[in-house]
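Structure first, then comments.
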Amino acid sequence: MKRILALAGSGLLVLAALVAGSAPAQAAPSHRSIQVCATPRHGDAACTARQAADPAGRPVTNAGAPPSTALTPTQLKSAYNLTGLASGGRTVAIVDAYGYPNLERDLGVYRSQFGLPPCTTANGCLRIVNQTGGSKLPRMNTGWAQEQALDVDAVSAACPDCRITVLQASTASFANLGTAVQTAAKMPGVVAISNSYGGSDASDSSYGQYYNFPGIAVTASAGDNGYQGASYPASSRYVVAVGGTSLAPASNTRGWSESVWSGTGSGCSGLNAALPAASSSNTGCAGRAMNDVSAASDPNVGGLAVYYPTSSSSSTWGQFGGTSEASPIIASVYALSGNTGSAATGSYANAIPYGHAGSLFDVTSGSNGTCPTAQWCTAGTAWDGPTGLGTPNGVAGF
């Protein structure tokens, strides 16, 4: 993900220069995958979805059925010990930019393919609104629509009984996306809000109003450019920062192996304070450390089967990842746990895994680049930058 300048509603720019604790600029890791959203204009956020590609660089796609290499809901639930769990109808909100006219139709195809219960506007499971909660939806953008397809399919896979509310911001500006988050937080039943986008490190003193909701699990993708230093809103002290892994079937007790996805973002914020809950994790960061937890993100090794739009009228099957895959998965796990902090006591969902690290799958191999302090970009026992405390093992860690 390109380091983007974040533009607040006040019009003040956050400089996309390196800040204390950030890494020197370096080339993005090589991905055999395709960035689905166009490079954003100055001041906008970058979506973090990527489509798997074959060795020739062509997208992995299949008109009639999901690609055989793509992760299915059954496999995802098996990998993270979520099989048989239910949320009781809690709502996960998805915040993205622009419109997607065939979202409900395409979600229906996905859920029918995998035998999941219908999630429609008619039965109350699905709601699609604009950034202020209204019914007038923004114009379509194909890349961001593909992001939305990944997000709603990931929630469906991890938590089939979760209700889904999609909030479509008018543009990809941080002011509009942030307004959508604020709207979601006011909606009855919303326990988690997933944000699959980001930009350069920014200060909570300027932007925290958009993400400061104790009692709701606000998740944010860490980015897809490897170790580059902190990325906002994942670097906010109010959100759950979500890194990415490569997830593959294995002949071990768990049945799966997991390592760092080389594309996942990680880093230390030079603008936001460290999480009090992370004080015993020895992150090595003076400020906010990314990440807290992680989940499957590698488009080619653990990329999710997605039914996605190729135009305003046509859709097909493909295989998608990026940390956009991980953020809605983790939001769904919080919805399954029902444990998202407390508005009454001012406690945040990001503190919960630090008290239950032993209940997560610890990812101990792989790297996402080079960095001043090894644990910021290389996996090891306990906390590390790319994968945080680890990945879900049921909901006990959440």
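If you're wondering about the labels, chains in the structure tokens are A, B, ... by order shown, residues count from 1 in each chain, ligands from 1 in order shown.
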Just want the 12 Å neighbourhood of Tyr98 in chain A, counted on only C-alpha atoms, with same-chain residues fewer than 3 positions away dropped. Output as an MDAnalysis selection string.
chainID A and resid 37 47 95 101 103 128:131 136:148 166:173 176:177 180
Near-Gly57 in chain A list (8 Å; only C-alpha atoms; drop same-chain fewer than 4 positions) as a VMD selection string:
chain A and resid 32 to 34 53
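Near range 340-346 of chain A, within 7 Å and counting only C-alpha atoms, sit Val191, Pro214, Gly215, Ile216, Ala217 and Tyr334 of chain A, not including residues fewer than 4 positions from it in the same chain.
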Let's have the selection written as a PDB file, in the first residue's frame, with N, CA and C atoms.
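File out.pdb, as written:
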```
ATOM      1  N   VAL A 191     -21.542  -4.517  17.006  1.00  0.00           N
ATOM      2  CA  VAL A 191     -20.536  -4.816  18.033  1.00  0.00           C
ATOM      3  C   VAL A 191     -19.118  -4.739  17.483  1.00  0.00           C
ATOM      4  N   PRO A 214     -15.112   2.881  22.718  1.00  0.00           N
ATOM      5  CA  PRO A 214     -14.985   1.758  23.657  1.00  0.00           C
ATOM      6  C   PRO A 214     -16.282   0.971  23.694  1.00  0.00           C
ATOM      7  N   GLY A 215     -16.146  -0.350  23.791  1.00  0.00           N
ATOM      8  CA  GLY A 215     -17.317  -1.215  23.785  1.00  0.00           C
ATOM      9  C   GLY A 215     -17.650  -1.764  22.415  1.00  0.00           C
ATOM     10  N   ILE A 216     -16.974  -1.259  21.368  1.00  0.00           N
ATOM     11  CA  ILE A 216     -17.131  -1.778  20.008  1.00  0.00           C
ATOM     12  C   ILE A 216     -15.750  -2.169  19.496  1.00  0.00           C
ATOM     13  N   ALA A 217     -15.643  -3.338  18.886  1.00  0.00           N
ATOM     14  CA  ALA A 217     -14.362  -3.783  18.326  1.00  0.00           C
ATOM     15  C   ALA A 217     -14.168  -3.126  16.965  1.00  0.00           C
ATOM     16  N   TYR A 334     -14.613 -11.247  17.076  1.00  0.00           N
ATOM     17  CA  TYR A 334     -15.118 -10.461  18.212  1.00  0.00           C
ATOM     18  C   TYR A 334     -16.637 -10.588  18.318  1.00  0.00           C
TER      19      TYR A 334
END
```
Tell me which protein, DNA and RNA residues are within 6 Å of Asp384 in chain A, counting only C-alpha atoms, leaving out same-chain ones fewer than 5 positions away, and put them as an MDAnalysis selection string.
chainID A and resid 375:376 379
Identify, with DSSP run on backbone atoms, the residues in range 3-237 of chain A assigned to helix (DSSP H, G or I), and express the list as a VMD selection string.
chain A and resid 73 to 79 103 to 113 142 to 158 174 to 185 204 to 210
Selection from above, C-alpha atoms, as a PDB file, in the first residue's frame, can you write it?
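Output below, filename result23.pdb:
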```
ATOM      1  CA  PRO A  73     -15.849 -21.016   4.849  1.00  0.00           C
ATOM      2  CA  THR A  74     -15.497 -24.582   6.152  1.00  0.00           C
ATOM      3  CA  GLN A  75     -11.723 -24.385   5.888  1.00  0.00           C
ATOM      4  CA  LEU A  76     -11.546 -20.952   7.493  1.00  0.00           C
ATOM      5  CA  LYS A  77     -13.624 -22.065  10.463  1.00  0.00           C
ATOM      6  CA  SER A  78     -11.531 -25.218  10.782  1.00  0.00           C
ATOM      7  CA  ALA A  79      -8.264 -23.286  10.736  1.00  0.00           C
ATOM      8  CA  LEU A 103     -23.715  -6.373  -3.484  1.00  0.00           C
ATOM      9  CA  GLU A 104     -26.845  -8.147  -2.247  1.00  0.00           C
ATOM     10  CA  ARG A 105     -27.107 -10.286  -5.393  1.00  0.00           C
ATOM     11  CA  ASP A 106     -23.440 -11.297  -5.280  1.00  0.00           C
ATOM     12  CA  LEU A 107     -23.504 -12.020  -1.555  1.00  0.00           C
ATOM     13  CA  GLY A 108     -26.461 -14.301  -2.212  1.00  0.00           C
ATOM     14  CA  VAL A 109     -24.450 -16.254  -4.793  1.00  0.00           C
ATOM     15  CA  TYR A 110     -21.558 -16.642  -2.357  1.00  0.00           C
ATOM     16  CA  ARG A 111     -23.673 -17.827   0.539  1.00  0.00           C
ATOM     17  CA  SER A 112     -25.716 -20.202  -1.610  1.00  0.00           C
ATOM     18  CA  GLN A 113     -22.541 -21.770  -3.032  1.00  0.00           C
ATOM     19  CA  THR A 142     -15.074  -1.352  -9.319  1.00  0.00           C
ATOM     20  CA  GLY A 143     -11.965  -1.683  -7.153  1.00  0.00           C
ATOM     21  CA  TRP A 144     -13.705  -0.615  -3.951  1.00  0.00           C
ATOM     22  CA  ALA A 145     -16.684  -2.806  -4.883  1.00  0.00           C
ATOM     23  CA  GLN A 146     -14.300  -5.774  -5.049  1.00  0.00           C
ATOM     24  CA  GLU A 147     -13.050  -4.737  -1.605  1.00  0.00           C
ATOM     25  CA  GLN A 148     -16.617  -4.801  -0.331  1.00  0.00           C
ATOM     26  CA  ALA A 149     -17.196  -8.237  -1.851  1.00  0.00           C
ATOM     27  CA  LEU A 150     -14.163  -9.585   0.007  1.00  0.00           C
ATOM     28  CA  ASP A 151     -15.297  -7.979   3.253  1.00  0.00           C
ATOM     29  CA  VAL A 152     -18.879  -9.273   3.271  1.00  0.00           C
ATOM     30  CA  ASP A 153     -17.790 -12.736   2.113  1.00  0.00           C
ATOM     31  CA  ALA A 154     -15.151 -12.884   4.870  1.00  0.00           C
ATOM     32  CA  VAL A 155     -17.751 -12.028   7.529  1.00  0.00           C
ATOM     33  CA  SER A 156     -20.095 -14.622   6.038  1.00  0.00           C
ATOM     34  CA  ALA A 157     -17.371 -17.270   6.129  1.00  0.00           C
ATOM     35  CA  ALA A 158     -16.242 -16.620   9.701  1.00  0.00           C
ATOM     36  CA  PHE A 174     -10.506   9.870   5.652  1.00  0.00           C
ATOM     37  CA  ALA A 175     -13.178  12.403   6.588  1.00  0.00           C
ATOM     38  CA  ASN A 176     -15.876  10.474   4.696  1.00  0.00           C
ATOM     39  CA  LEU A 177     -14.689   7.026   5.783  1.00  0.00           C
ATOM     40  CA  GLY A 178     -14.421   8.290   9.363  1.00  0.00           C
ATOM     41  CA  THR A 179     -17.946   9.682   9.202  1.00  0.00           C
ATOM     42  CA  ALA A 180     -19.148   6.222   8.149  1.00  0.00           C
ATOM     43  CA  VAL A 181     -17.422   4.682  11.184  1.00  0.00           C
ATOM     44  CA  GLN A 182     -19.116   7.213  13.451  1.00  0.00           C
ATOM     45  CA  THR A 183     -22.479   6.363  11.891  1.00  0.00           C
ATOM     46  CA  ALA A 184     -21.898   2.634  12.328  1.00  0.00           C
ATOM     47  CA  ALA A 185     -21.040   3.067  15.992  1.00  0.00           C
ATOM     48  CA  ASP A 204      -5.328  10.361  17.300  1.00  0.00           C
ATOM     49  CA  SER A 205      -5.453  13.959  18.481  1.00  0.00           C
ATOM     50  CA  SER A 206      -6.512  14.858  14.936  1.00  0.00           C
ATOM     51  CA  TYR A 207      -8.368  11.758  13.749  1.00  0.00           C
ATOM     52  CA  GLY A 208      -9.231   9.715  16.833  1.00  0.00           C
ATOM     53  CA  GLN A 209     -12.787  11.054  16.948  1.00  0.00           C
ATOM     54  CA  TYR A 210     -13.551   8.744  14.036  1.00  0.00           C
TER      55      TYR A 210
END
```
Using only C-alpha atoms, determine which residues lie at most 7 Å from range 296-307 of chain A, disregarding the query and same-chain residues fewer than 3 positions distant; provide the list as a ChimeraX atom specification.
/A:33,50-52,66-67,70-72,106,110,149-150,153,244-248,261,315-323,325-326
Pick out the closest residue to Ser314 in chain A from this set: A:Asn102, A:Thr378, A:Tyr80, A:Val60. Count only C-alpha atoms.
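Checking each candidate against Ser314 in chain A, we get A:Asn102 as the closest.
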Apply DSSP to the structure's backbone, then extract all residues of range 71-251 of chain A labelled strand (DSSP E or B) and return them as number ranges by chain.
A: 71, 91-97, 99, 126-130, 140, 163-169, 173, 190-195, 197-200, 217-221, 231-232, 240-249
Set out as a Markdown table a contact list for range 154-257 of chain A and range 275-279 of chain A with a cut-off of 12 Å, giving each residue of range 154-257 of chain A that qualifies its closest atom pair and distance in Å to one decimal, counting only C-alpha atoms, ordered by chain and rising residue number.
```
| residue | atom | partner | partner_atom | distance |
| --- | --- | --- | --- | --- |
| A:Ser235 | CA | A:Leu275 | CA | 10.4 |
| A:Ser236 | CA | A:Leu275 | CA | 9.5 |
| A:Arg237 | CA | A:Leu275 | CA | 6.2 |
| A:Tyr238 | CA | A:Leu275 | CA | 8.9 |
| A:Val239 | CA | A:Leu275 | CA | 10.3 |
| A:Val240 | CA | A:Leu275 | CA | 10.6 |
| A:Ala241 | CA | A:Leu275 | CA | 11.3 |
```
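Between CA of Gly84 in chain A and CA of Gly243 in chain A the interatomic distance comes to 25.2 Å.
Using only C-alpha atoms, the shortest contact distance between Ala63 in chain A and any of A:Leu85, A:Trp256, A:Thr310, A:Gly390 is found at A:Thr310.
Non-sequential neighbours of Gly226 in chain A (distance at most 8 Å, separation of 3 or more positions within a chain, only C-alpha atoms) are A:Ala28, A:Pro29, A:Gly223, A:Ser262, A:Gly263, A:Thr264, A:Gly265, A:Ser266, A:Asn368, A:Gly369.
Taking CA of Ile193 in chain A and CA of Val293 in chain A as endpoints, the distance between them is 15.6 Å.
Across the structure, CA of Tyr232 in chain A and CA of Ala295 in chain A are spaced 18.6 Å apart.
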Given only C-alpha atoms as the counted atoms, nearest of A:Pro353, A:Gly255, A:Pro55, A:Gly64 to Ser281 in chain A
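Residue with the minimum atom-to-atom distance to Ser281 in chain A: A:Pro353.
If you measure from each of A:Ser337, A:Asn272, A:Thr381, A:Ser135 to Gly358 in chain A using only C-alpha atoms, the closest one turns out to be A:Thr381.
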